[in-house]
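What follows is the content of start-v6.csv, which has CSV, C-alpha atoms:
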chain,number,residue,atom,x,y,z
E,1,MET,CA,100.2,-91.7,-7.6
E,2,MET,CA,98.8,-89.6,-4.8
E,3,THR,CA,97.2,-91.5,-1.9
E,4,LYS,CA,93.9,-90.6,-0.4
E,5,LYS,CA,95.6,-89.3,2.7
E,6,GLU,CA,97.9,-87.0,0.7
E,7,LYS,CA,95.0,-85.8,-1.4
E,8,ASN,CA,93.0,-84.8,1.8
E,9,LYS,CA,96.1,-83.1,3.2
E,10,GLY,CA,96.5,-81.1,0.0
E,11,GLN,CA,92.9,-80.1,0.1
E,12,LYS,CA,93.1,-79.1,3.8
E,13,ASP,CA,96.2,-77.0,3.0
E,14,LYS,CA,94.4,-75.3,0.2
E,15,LEU,CA,91.4,-74.5,2.5
E,16,LYS,CA,93.6,-73.4,5.4
E,17,GLY,CA,93.7,-69.8,4.0
E,18,LEU,CA,90.0,-69.9,3.3
E,19,SER,CA,88.3,-66.7,4.4
E,20,LEU,CA,84.6,-66.0,4.3
E,21,GLN,CA,83.1,-62.6,4.4
E,22,VAL,CA,79.4,-62.4,5.2
E,23,ILE,CA,77.7,-59.3,3.8
E,24,PRO,CA,74.2,-58.4,5.2
E,25,PHE,CA,72.1,-57.0,2.4
E,26,SER,CA,71.7,-53.8,4.4
E,27,GLU,CA,75.4,-53.2,3.8
E,28,ILE,CA,75.0,-52.8,0.1
E,29,LYS,CA,71.3,-51.8,-0.1
E,30,ASP,CA,72.1,-48.1,-0.7
E,31,LEU,CA,75.0,-48.7,-3.1
E,32,GLY,CA,74.6,-48.2,-6.8
E,33,ILE,CA,75.3,-51.1,-9.2
E,34,ALA,CA,79.0,-50.1,-9.8
E,35,GLN,CA,79.8,-49.7,-6.1
E,36,ARG,CA,78.1,-53.0,-5.2
E,37,VAL,CA,80.1,-54.9,-7.8
E,38,LYS,CA,83.3,-53.0,-6.9
E,39,LYS,CA,82.8,-54.0,-3.2
E,40,ILE,CA,82.3,-57.6,-4.0
E,41,LEU,CA,85.2,-57.9,-6.4
E,42,ALA,CA,87.5,-56.2,-4.0
E,43,LEU,CA,86.8,-58.9,-1.4
E,44,ILE,CA,87.2,-61.6,-4.0
E,45,LEU,CA,90.5,-60.2,-5.1
E,46,GLY,CA,91.5,-60.5,-1.5
E,47,ASN,CA,90.9,-64.3,-1.9
E,48,LYS,CA,87.7,-64.2,0.1
E,49,ILE,CA,84.5,-66.1,-0.4
E,50,VAL,CA,81.6,-63.6,-0.2
E,51,ILE,CA,78.4,-64.8,1.3
E,52,LEU,CA,75.8,-62.2,0.5
E,53,HIS,CA,72.5,-62.2,2.4
E,54,GLY,CA,70.1,-61.8,-0.5
E,55,ARG,CA,70.7,-61.8,-4.2
E,56,LEU,CA,71.9,-59.4,-6.8
E,57,ARG,CA,69.6,-58.2,-9.6
E,58,PRO,CA,70.2,-59.8,-13.0
E,59,GLU,CA,71.8,-56.6,-14.4
E,60,GLU,CA,74.1,-56.6,-11.4
E,61,GLU,CA,75.1,-60.2,-12.0
E,62,ALA,CA,75.8,-59.3,-15.6
E,63,ARG,CA,77.9,-56.3,-14.6
E,64,LEU,CA,79.8,-58.5,-12.1
E,65,ILE,CA,80.6,-60.9,-15.0
E,66,GLU,CA,81.7,-58.0,-17.2
E,67,ASP,CA,83.9,-56.5,-14.6
E,68,THR,CA,85.4,-59.9,-13.7
E,69,MET,CA,86.3,-60.4,-17.4
E,70,ALA,CA,88.0,-57.0,-17.5
E,71,MET,CA,90.0,-57.9,-14.4
E,72,ILE,CA,91.1,-61.3,-15.7
E,73,ASP,CA,93.0,-59.4,-18.3
E,74,HIS,CA,94.7,-57.0,-15.9
E,75,ILE,CA,95.3,-59.0,-12.7
E,76,GLN,CA,97.8,-61.8,-12.7
E,77,ASN,CA,96.6,-65.2,-11.5
E,78,PHE,CA,93.0,-64.0,-11.4
E,79,ARG,CA,91.0,-66.4,-13.5
E,80,GLY,CA,87.4,-65.4,-12.7
E,81,ILE,CA,84.7,-66.1,-10.2
E,82,GLU,CA,82.3,-68.8,-9.2
E,83,LEU,CA,78.8,-67.7,-8.4
E,84,ALA,CA,75.9,-69.6,-6.9
E,85,VAL,CA,72.5,-68.5,-5.5
E,86,ILE,CA,70.9,-70.6,-2.9
E,87,GLU,CA,67.2,-70.0,-2.5
E,88,PRO,CA,64.4,-72.0,-0.8
E,89,ASN,CA,62.5,-74.4,-3.0
E,90,LEU,CA,58.9,-73.2,-2.8
E,91,LYS,CA,57.6,-75.5,-5.5
E,92,GLU,CA,56.4,-78.1,-3.0
E,93,GLU,CA,55.2,-75.6,-0.5
E,94,ASN,CA,51.5,-74.7,0.0
E,95,LEU,CA,50.0,-71.4,-0.9
E,96,LEU,CA,50.2,-69.9,2.6
E,97,VAL,CA,54.0,-70.5,2.8
E,98,LYS,CA,54.4,-69.0,-0.7
E,99,PHE,CA,52.4,-66.0,0.3
E,100,ARG,CA,54.4,-65.5,3.5
E,101,TYR,CA,57.6,-65.8,1.6
E,102,GLY,CA,56.4,-63.3,-1.0
E,103,LEU,CA,55.3,-60.9,1.7
E,104,ALA,CA,58.7,-61.2,3.5
E,105,LYS,CA,60.4,-60.6,0.2
E,106,LYS,CA,58.5,-57.4,-0.4
E,107,LEU,CA,59.2,-56.1,3.1
E,108,VAL,CA,62.8,-57.1,3.8
E,109,GLY,CA,64.1,-58.2,0.4
E,110,GLU,CA,65.2,-61.8,-0.4
E,111,SER,CA,66.0,-62.7,3.2
E,112,ASN,CA,66.0,-66.4,2.7
E,113,THR,CA,68.4,-66.3,-0.3
E,114,LEU,CA,72.1,-66.5,-0.1
E,115,THR,CA,74.5,-65.6,-2.9
E,116,ILE,CA,78.0,-67.1,-2.7
E,117,ILE,CA,80.7,-65.6,-4.8
E,118,GLY,CA,84.3,-66.6,-4.7
E,119,PRO,CA,87.5,-66.7,-6.8
E,120,SER,CA,87.3,-69.6,-9.2
E,121,SER,CA,90.8,-70.7,-8.3
E,122,LEU,CA,89.7,-71.2,-4.7
E,123,ILE,CA,86.4,-72.8,-5.4
E,124,LYS,CA,86.4,-75.3,-8.3
E,125,GLU,CA,82.7,-75.8,-8.0
E,126,ILE,CA,80.4,-74.2,-5.5
E,127,LYS,CA,77.9,-76.8,-4.5
E,128,LYS,CA,74.3,-75.7,-4.3
E,129,ASP,CA,73.9,-77.6,-1.0
E,130,PRO,CA,75.1,-75.4,1.8
E,131,LYS,CA,75.8,-78.5,4.0
E,132,LYS,CA,78.6,-79.5,1.6
E,133,LEU,CA,80.1,-76.0,2.1
E,134,GLU,CA,80.0,-76.6,5.9
E,135,LEU,CA,81.6,-79.9,5.4
E,136,MET,CA,84.4,-78.4,3.4
E,137,LEU,CA,85.0,-75.8,6.1
E,138,GLY,CA,84.8,-78.4,8.9
M,1,MET,CA,49.9,-48.8,-14.0
M,2,VAL,CA,47.3,-48.2,-16.7
M,3,LEU,CA,49.5,-45.5,-18.2
M,4,LYS,CA,52.5,-47.9,-18.2
M,5,ILE,CA,50.4,-50.5,-20.1
M,6,LEU,CA,49.2,-48.0,-22.6
M,7,LYS,CA,52.7,-46.6,-23.1
M,8,GLU,CA,54.1,-50.1,-23.8
M,9,PHE,CA,51.2,-51.0,-26.1
M,10,SER,CA,51.7,-47.8,-28.2
M,11,GLN,CA,55.4,-48.5,-28.3
M,12,ARG,CA,54.8,-52.0,-29.7
M,13,ILE,CA,52.3,-50.7,-32.3
M,14,PHE,CA,54.7,-47.9,-33.4
M,15,ALA,CA,57.6,-50.2,-33.5
M,16,GLY,CA,55.6,-52.6,-35.7
M,17,PHE,CA,54.7,-49.7,-38.1
M,18,PHE,CA,58.2,-48.5,-38.6
M,19,ARG,CA,60.2,-51.8,-38.5
M,20,LYS,CA,61.3,-52.8,-41.9
M,21,ARG,CA,61.4,-56.4,-42.9
M,22,GLY,CA,64.6,-58.0,-41.9
M,23,ASP,CA,65.2,-55.7,-39.0
M,24,ILE,CA,64.5,-58.2,-36.2
M,25,LYS,CA,67.8,-59.0,-34.5
M,26,ILE,CA,67.8,-62.4,-33.0
M,27,GLY,CA,70.7,-63.2,-30.6
M,28,PHE,CA,72.1,-66.6,-30.0
M,29,TYR,CA,73.2,-66.8,-26.3
M,30,GLY,CA,74.4,-69.5,-24.0
M,31,PRO,CA,77.4,-71.0,-22.2
M,32,PRO,CA,80.5,-71.9,-24.1
M,33,ASN,CA,80.5,-75.0,-26.3
M,34,SER,CA,76.7,-75.4,-26.3
M,35,GLY,CA,76.6,-75.2,-30.1
M,36,LYS,CA,75.4,-71.6,-30.8
M,37,THR,CA,77.6,-71.3,-33.9
M,38,SER,CA,76.7,-74.9,-35.0
M,39,LEU,CA,73.0,-73.9,-34.9
M,40,ALA,CA,73.8,-70.6,-36.7
M,41,ASN,CA,75.7,-72.6,-39.3
M,42,ARG,CA,72.8,-75.1,-39.7
M,43,ILE,CA,70.3,-72.3,-40.3
M,44,CYS,CA,72.7,-70.6,-42.7
M,45,LYS,CA,73.3,-73.8,-44.6
M,46,ASP,CA,69.6,-74.6,-44.7
M,47,TRP,CA,68.5,-71.2,-46.0
M,48,THR,CA,71.5,-69.3,-47.5
M,49,GLY,CA,73.8,-72.2,-48.5
M,50,GLU,CA,76.9,-70.8,-46.7
M,51,GLU,CA,78.2,-71.3,-43.1
M,52,MET,CA,78.6,-68.5,-40.6
M,53,GLY,CA,81.6,-69.4,-38.4
M,54,ASN,CA,84.1,-71.9,-37.3
M,55,VAL,CA,83.2,-74.6,-34.7
M,56,SER,CA,85.5,-76.6,-32.5
M,57,ASN,CA,85.5,-78.9,-29.5
M,58,ILE,CA,87.7,-76.4,-27.6
M,59,PRO,CA,85.5,-74.0,-25.6
M,60,HIS,CA,85.4,-70.3,-26.6
M,61,GLU,CA,85.9,-70.9,-30.3
M,62,THR,CA,83.6,-67.9,-31.0
M,63,ARG,CA,85.3,-65.0,-29.4
M,64,LYS,CA,83.8,-62.2,-31.4
M,65,VAL,CA,80.1,-61.4,-32.1
M,66,GLN,CA,79.3,-62.6,-35.6
M,67,PHE,CA,76.4,-61.4,-37.8
M,68,LYS,CA,74.5,-62.6,-40.7
M,69,GLU,CA,72.2,-60.0,-42.3
M,70,LYS,CA,68.8,-60.8,-43.8
M,71,VAL,CA,68.5,-64.5,-43.2
M,72,GLU,CA,65.2,-65.5,-44.8
M,73,ILE,CA,63.4,-68.6,-43.7
M,74,GLU,CA,60.1,-70.0,-44.8
M,75,TYR,CA,57.6,-72.1,-42.9
M,76,LYS,CA,54.1,-73.1,-44.2
M,77,GLY,CA,54.2,-70.4,-46.9
M,78,LYS,CA,55.1,-67.6,-44.4
M,79,LYS,CA,58.5,-65.8,-44.6
M,80,LEU,CA,60.6,-64.5,-41.8
M,81,THR,CA,63.7,-62.3,-42.3
M,82,PHE,CA,66.0,-61.5,-39.5
M,83,LYS,CA,69.5,-60.5,-38.6
M,84,MET,CA,71.4,-63.4,-36.8
M,85,VAL,CA,73.7,-62.3,-34.0
M,86,ASP,CA,75.9,-65.2,-32.8
M,87,THR,CA,77.5,-64.3,-29.5
M,88,PRO,CA,80.6,-65.8,-27.7
M,89,GLY,CA,79.6,-68.1,-24.8
M,90,ILE,CA,79.1,-66.4,-21.5
M,91,ALA,CA,81.1,-67.7,-18.5
M,92,THR,CA,82.2,-66.4,-15.1
M,93,LYS,CA,85.8,-67.7,-15.4
M,94,ILE,CA,88.4,-68.1,-18.1
M,95,ASP,CA,91.5,-70.1,-17.3
M,96,TYR,CA,94.1,-70.4,-20.1
M,97,GLU,CA,95.3,-73.6,-18.5
M,98,ASP,CA,92.0,-75.2,-19.5
M,99,PHE,CA,92.9,-74.8,-23.1
M,100,LEU,CA,96.2,-76.5,-22.7
M,101,LYS,CA,94.3,-79.8,-22.1
M,102,TYR,CA,93.2,-79.5,-25.7
M,103,GLY,CA,96.8,-79.4,-26.9
M,104,LEU,CA,97.1,-75.7,-27.4
M,105,LYS,CA,100.5,-74.0,-26.8
M,106,LYS,CA,100.8,-71.7,-23.8
M,107,ASN,CA,101.0,-68.5,-25.8
M,108,ILE,CA,98.1,-69.5,-28.0
M,109,ALA,CA,96.0,-70.5,-25.0
M,110,LYS,CA,96.8,-67.2,-23.3
M,111,LYS,CA,95.8,-65.3,-26.4
M,112,ARG,CA,92.6,-67.3,-26.6
M,113,ALA,CA,91.8,-66.6,-23.0
M,114,LYS,CA,92.3,-62.8,-23.5
M,115,GLU,CA,90.1,-62.8,-26.6
M,116,ALA,CA,87.5,-64.9,-24.8
M,117,THR,CA,87.2,-62.4,-21.9
M,118,GLN,CA,86.6,-59.5,-24.3
M,119,GLY,CA,84.1,-61.7,-26.2
M,120,ILE,CA,82.0,-62.2,-23.0
M,121,ILE,CA,82.0,-58.5,-22.4
M,122,ASP,CA,80.7,-57.9,-25.9
M,123,SER,CA,78.1,-60.6,-25.5
M,124,ILE,CA,76.7,-58.9,-22.4
M,125,LYS,CA,76.7,-55.5,-24.1
M,126,TRP,CA,74.7,-57.0,-27.0
M,127,LEU,CA,71.9,-57.8,-24.7
M,128,ASP,CA,70.8,-54.2,-25.1
M,129,ASP,CA,70.5,-54.5,-28.8
M,130,VAL,CA,68.8,-57.9,-29.6
M,131,GLU,CA,65.0,-58.1,-29.9
M,132,ALA,CA,64.6,-61.9,-29.4
M,133,VAL,CA,67.0,-64.5,-28.1
M,134,ILE,CA,67.6,-68.2,-28.7
M,135,ILE,CA,69.3,-69.6,-25.7
M,136,VAL,CA,71.3,-72.6,-26.8
M,137,LEU,CA,72.1,-75.2,-24.1
M,138,ASP,CA,74.0,-78.4,-24.3
M,139,SER,CA,71.4,-81.0,-23.4
M,140,SER,CA,74.1,-83.4,-22.1
M,141,VAL,CA,75.2,-80.8,-19.5
M,142,ASN,CA,73.5,-79.9,-16.2
M,143,PRO,CA,71.2,-76.9,-17.1
M,144,TYR,CA,71.1,-75.6,-13.5
M,145,SER,CA,74.0,-73.2,-13.8
M,146,GLN,CA,74.1,-69.7,-12.5
M,147,VAL,CA,75.2,-68.3,-15.9
M,148,ASN,CA,72.1,-69.7,-17.6
M,149,ILE,CA,69.9,-68.1,-14.8
M,150,THR,CA,71.8,-64.8,-15.1
M,151,ILE,CA,71.3,-64.7,-18.9
M,152,ILE,CA,67.6,-65.5,-18.6
M,153,GLY,CA,67.2,-63.0,-15.8
M,154,ASN,CA,68.7,-60.3,-17.9
M,155,LEU,CA,66.4,-61.1,-20.8
M,156,VAL,CA,63.3,-61.1,-18.6
M,157,ALA,CA,64.3,-57.8,-17.1
M,158,ARG,CA,64.6,-56.4,-20.7
M,159,LYS,CA,61.3,-58.0,-21.8
M,160,ILE,CA,63.1,-59.9,-24.6
M,161,PRO,CA,61.3,-63.0,-25.8
M,162,ILE,CA,63.2,-66.2,-25.3
M,163,LEU,CA,63.3,-69.6,-27.0
M,164,ILE,CA,65.4,-72.3,-25.3
M,165,VAL,CA,67.1,-74.8,-27.6
M,166,ALA,CA,68.4,-78.0,-26.0
M,167,ASN,CA,71.2,-78.9,-28.5
M,168,LYS,CA,73.1,-82.1,-28.9
M,169,ILE,CA,70.2,-84.5,-28.4
M,170,ASP,CA,72.1,-86.9,-30.6
M,171,LEU,CA,74.5,-87.5,-27.6
M,172,ARG,CA,74.0,-90.5,-25.4
M,173,LYS,CA,74.1,-88.4,-22.3
M,174,ALA,CA,71.5,-85.9,-23.6
M,175,ASN,CA,68.6,-85.2,-21.2
M,176,LEU,CA,65.9,-83.1,-22.8
M,177,LYS,CA,63.5,-83.6,-19.9
M,178,LYS,CA,66.1,-82.1,-17.5
M,179,VAL,CA,66.3,-78.9,-19.5
M,180,GLU,CA,62.5,-78.7,-19.7
M,181,ASN,CA,62.2,-79.2,-16.0
M,182,ALA,CA,64.9,-76.5,-15.3
M,183,PHE,CA,63.0,-73.9,-17.3
M,184,PRO,CA,59.3,-74.8,-17.1
M,185,GLU,CA,58.1,-71.3,-18.1
M,186,TYR,CA,59.8,-71.5,-21.5
M,187,LYS,CA,59.3,-73.4,-24.7
M,188,VAL,CA,62.2,-75.8,-25.0
M,189,VAL,CA,63.1,-77.4,-28.4
M,190,GLY,CA,65.4,-80.4,-28.5
M,191,ILE,CA,67.6,-80.5,-31.6
M,192,SER,CA,70.9,-81.6,-32.9
M,193,ALA,CA,72.4,-78.8,-34.9
M,194,LYS,CA,75.2,-81.0,-36.0
M,195,GLU,CA,73.0,-83.7,-37.5
M,196,GLY,CA,70.1,-81.5,-38.4
M,197,LYS,CA,67.7,-83.4,-36.1
M,198,ASN,CA,64.2,-81.8,-35.3
M,199,MET,CA,65.0,-78.6,-37.2
M,200,GLU,CA,61.4,-78.5,-38.5
M,201,GLU,CA,60.1,-78.1,-34.9
M,202,PHE,CA,62.9,-75.5,-34.3
M,203,TYR,CA,61.8,-73.3,-37.3
M,204,LYS,CA,58.2,-73.5,-36.2
M,205,SER,CA,59.2,-72.2,-32.8
M,206,LEU,CA,61.4,-69.6,-34.3
M,207,PHE,CA,58.4,-68.1,-36.1
M,208,LYS,CA,56.4,-68.1,-32.9
M,209,LEU,CA,59.3,-66.3,-31.2
M,210,ALA,CA,59.5,-63.7,-33.9
M,211,LYS,CA,55.8,-63.0,-33.5
M,212,LYS,CA,56.4,-62.0,-29.8
M,213,VAL,CA,58.7,-59.2,-30.9

The structure in this file should be written as structure tokens.
Amino acid sequence: MMTKKEKNKGQKDKLKGLSLQVIPFSEIKDLGIAQRVKKILALILGNKIVILHGRLRPEEEARLIEDTMAMIDHIQNFRGIELAVIEPNLKEENLLVKFRYGLAKKLVGESNTLTIIGPSSLIKEIKKDPKKLELMLG
Amino acid sequence: MVLKILKEFSQRIFAGFFRKRGDIKIGFYGPPNSGKTSLANRICKDWTGEEMGNVSNIPHETRKVQFKEKVEIEYKGKKLTFKMVDTPGIATKIDYEDFLKYGLKKNIAKKRAKEATQGIIDSIKWLDDVEAVIIVLDSSVNPYSQVNITIIGNLVARKIPILIVANKIDLRKANLKKVENAFPEYKVVGISAKEGKNMEEFYKSLFKLAKKV
């Protein structure tokens, strides 16, 4: 049976090659749906975890899933993606904060939202809590 | 803005005039293994006497979109006829190795994975053709998944009415409240398709859903 130490070592080895790519929303703002998805998938196929500043539209997320499925069939060892959107919880906030967030969203897009997409083989489960992601990288 | 409202209103009126009875296409969507086909089978058994498709504990049992034409149900003297569209479960990853855990042979697991990927593509394509959707979730599984949010987001963007079904309430781990809290803007009906629990409430909600089309 594997000891805790060996398990941690294995985990560290797996994460050694972990590469993150941060994409500011401005970088994909002017791209069409096909180009956006293509750009993201190209990075994922390079075994990178993509951190997108902002979020994709629902139809883009659907297209991303469609294209991912098509690729699973054609690319060896590619099993799909993990996708998580981290956004501020405004439920508990007062009206002024919600208004300010709404206004910022209109002006500069969903600046407080992060979308994390990565190859499923690399991330077994993306945690919604970004602190856990930091811990994993630490 | 006013023009847009008037245009949508007239489209709804005309659609109502020209739609024949039985034309409403209701899609069954959700993640794999949530019980979409079990629910479709339950409805078919209750109203047509025959089942629609195979069910299994192994995820991605339904890998092709399945249809049942002219399903007629009755509630308080009113009739509703619709076309049932049972779709393969939507996921962001398919790993044939996951199927091996269920005792499938490697070649069968690989074939299943290949068919499942195509099934997901078909499910997404069908979003453009359904007029109302029942989202079937497993009430014993965490509902806060990005796939669920993506499905709902796509339906909202297409203005397709939604009913959320929290299935498998017969399980000890089932948490109907959690599903309700995850989707507070939508009607959530807790059922057990397998045991036929709370189907009366489900049919009542189905009528309400069809009215929104």

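One distance worth recording is that between CA of Leu64 in chain E and CA of Leu41 in chain E, which is 7.9 Å.
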
**Request:** Excluding Leu209 in chain M and any residue of its chain fewer than 3 positions from it, enumerate the residues within 12 Å of it, using only C-alpha atoms, and give them as number ranges by chain.
**Result:** M: 24-27, 80, 82, 131-135, 160-164, 186-188, 202-206, 212-213

Find the residues of chain E that sit at most 10 Å from chain M; for each, write down the nearest two atoms and how far apart they are in Å, to one decimal. Count all atoms listed in the file. Sort by chain, then by number going up, and give it as a Markdown table.
| residue | atom | partner | partner_atom | distance |
| --- | --- | --- | --- | --- |
| E:Leu56 | CA | M:Thr150 | CA | 9.9 |
| E:Arg57 | CA | M:Gly153 | CA | 8.2 |
| E:Pro58 | CA | M:Asn154 | CA | 5.1 |
| E:Glu59 | CA | M:Asn154 | CA | 6.0 |
| E:Glu60 | CA | M:Asn154 | CA | 9.2 |
| E:Glu61 | CA | M:Thr150 | CA | 6.5 |
| E:Ala62 | CA | M:Thr150 | CA | 6.8 |
| E:Arg63 | CA | M:Ile124 | CA | 8.3 |
| E:Leu64 | CA | M:Thr92 | CA | 8.8 |
| E:Ile65 | CA | M:Thr92 | CA | 5.7 |
| E:Glu66 | CA | M:Ile121 | CA | 5.2 |
| E:Asp67 | CA | M:Ile121 | CA | 8.3 |
| E:Thr68 | CA | M:Thr92 | CA | 7.4 |
| E:Met69 | CA | M:Thr117 | CA | 5.0 |
| E:Ala70 | CA | M:Thr117 | CA | 7.0 |
| E:Met71 | CA | M:Thr117 | CA | 9.2 |
| E:Ile72 | CA | M:Thr117 | CA | 7.4 |
| E:Asp73 | CA | M:Lys114 | CA | 6.3 |
| E:His74 | CA | M:Lys114 | CA | 9.9 |
| E:Asn77 | CA | M:Asp95 | CA | 9.1 |
| E:Phe78 | CA | M:Asp95 | CA | 8.6 |
| E:Arg79 | CA | M:Asp95 | CA | 5.3 |
| E:Gly80 | CA | M:Lys93 | CA | 3.9 |
| E:Ile81 | CA | M:Thr92 | CA | 5.5 |
| E:Glu82 | CA | M:Thr92 | CA | 6.4 |
| E:Leu83 | CA | M:Gln146 | CA | 6.5 |
| E:Ala84 | CA | M:Gln146 | CA | 5.9 |
| E:Val85 | CA | M:Gln146 | CA | 7.3 |
| E:Pro119 | CA | M:Lys93 | CA | 8.8 |
| E:Ser120 | CA | M:Lys93 | CA | 6.7 |
| E:Ser121 | CA | M:Asp95 | CA | 9.0 |
| E:Lys128 | CA | M:Tyr144 | CA | 9.7 |

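The residue that comes closest to Thr113 in chain E, out of E:Leu31, E:Gly46, E:Val37, E:Pro24 and on the basis of all atoms listed in the file, is E:Pro24.
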
**Asked** Any idea what the distance is between CA of Ile49 in chain E and CA of Phe25 in chain E?
**Response** 15.6 Å

**Asked** To one decimal place, how far is CA of Gly35 in chain M from CA of Val55 in chain M in Å?
**Response** 8.1 Å

**Request:** Do a neighbour search on Lys45 in chain M at 12 Å with only C-alpha atoms, toss out local chain neighbours closer than 2 positions, and write the hits as a list in words.
**Result:** Thr37, Ser38, Leu39, Ala40, Asn41, Arg42, Ile43, Trp47, Thr48, Gly49, Glu50, Glu51, Met52, Gly53, Lys68, Val71, Glu72, Ile73, Ala193, Lys194 and Gly196 of chain M

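Closest approach to Lys159 in chain M from the set M:Ile108, M:Ile58, M:Val130, M:Val85 is made by M:Val130, with distances taken over all atoms listed in the file.
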
**Request:** Skip Glu61 in chain M itself and residues of its chain fewer than 6 positions away, then list as a list of chain:residue names all residues within 9 Å of it, counting only C-alpha atoms.
**Result:** M:Pro32, M:Asn33, M:Asn54, M:Val55, M:Pro88, M:Gly89, M:Arg112, M:Ala116

Dump as a compact mmCIF listing (two decimals), keeping the file's coordinate frame, selection limited to C-alpha atoms:
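Below is the file that was written, out_4.txt:
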# COMPACT_ATOMS: atom_id res chain seq x y z
CA PRO M 32 80.50 -71.90 -24.10
CA ASN M 33 80.50 -75.00 -26.30
CA ASN M 54 84.10 -71.90 -37.30
CA VAL M 55 83.20 -74.60 -34.70
CA PRO M 88 80.60 -65.80 -27.70
CA GLY M 89 79.60 -68.10 -24.80
CA ARG M 112 92.60 -67.30 -26.60
CA ALA M 116 87.50 -64.90 -24.80

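Nearest to Gly30 in chain M of all the residues M:Asp98, M:Glu74, M:Lys105, M:Leu127 is M:Leu127, based on all atoms listed in the file.
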
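Of the residues listed (M:Asp23, M:Glu195, M:Glu200, M:Asp128), M:Glu195 shows the shortest atom-to-atom separation from Lys168 in chain M; distances use only C-alpha atoms.
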
Reconstructed N, CA and C atoms for range 40-53 of chain E, given as a JSON list (two decimals), keeping the file's coordinate frame:
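That gives us part.json:
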[["chain", "number", "residue", "atom", "x", "y", "z"],
["E", 40, "ILE", "N", 82.18, -56.16, -3.97],
["E", 40, "ILE", "CA", 82.30, -57.60, -4.00],
["E", 40, "ILE", "C", 83.59, -58.07, -4.65],
["E", 41, "LEU", "N", 83.94, -57.45, -5.75],
["E", 41, "LEU", "CA", 85.20, -57.90, -6.40],
["E", 41, "LEU", "C", 86.42, -57.56, -5.61],
["E", 42, "ALA", "N", 86.38, -56.48, -4.84],
["E", 42, "ALA", "CA", 87.50, -56.20, -4.00],
["E", 42, "ALA", "C", 87.76, -57.27, -2.98],
["E", 43, "LEU", "N", 86.67, -57.80, -2.42],
["E", 43, "LEU", "CA", 86.80, -58.90, -1.40],
["E", 43, "LEU", "C", 87.29, -60.17, -2.14],
["E", 44, "ILE", "N", 86.78, -60.42, -3.32],
["E", 44, "ILE", "CA", 87.20, -61.60, -4.00],
["E", 44, "ILE", "C", 88.66, -61.58, -4.42],
["E", 45, "LEU", "N", 89.11, -60.39, -4.80],
["E", 45, "LEU", "CA", 90.50, -60.20, -5.10],
["E", 45, "LEU", "C", 91.41, -60.43, -3.89],
["E", 46, "GLY", "N", 90.81, -60.23, -2.73],
["E", 46, "GLY", "CA", 91.50, -60.50, -1.50],
["E", 46, "GLY", "C", 91.41, -61.97, -1.10],
["E", 47, "ASN", "N", 91.03, -62.81, -2.06],
["E", 47, "ASN", "CA", 90.90, -64.30, -1.90],
["E", 47, "ASN", "C", 89.86, -64.66, -0.86],
["E", 48, "LYS", "N", 88.78, -63.90, -0.83],
["E", 48, "LYS", "CA", 87.70, -64.20, 0.10],
["E", 48, "LYS", "C", 86.50, -64.77, -0.60],
["E", 49, "ILE", "N", 85.79, -65.62, 0.09],
["E", 49, "ILE", "CA", 84.50, -66.10, -0.40],
["E", 49, "ILE", "C", 83.44, -65.19, 0.19],
["E", 50, "VAL", "N", 82.65, -64.59, -0.66],
["E", 50, "VAL", "CA", 81.60, -63.60, -0.20],
["E", 50, "VAL", "C", 80.31, -64.36, -0.05],
["E", 51, "ILE", "N", 79.71, -64.22, 1.12],
["E", 51, "ILE", "CA", 78.40, -64.80, 1.30],
["E", 51, "ILE", "C", 77.43, -63.56, 1.50],
["E", 52, "LEU", "N", 76.67, -63.32, 0.48],
["E", 52, "LEU", "CA", 75.80, -62.20, 0.50],
["E", 52, "LEU", "C", 74.39, -62.61, 0.92],
["E", 53, "HIS", "N", 73.88, -61.94, 1.93],
["E", 53, "HIS", "CA", 72.50, -62.20, 2.40],
["E", 53, "HIS", "C", 71.57, -61.56, 1.41]]
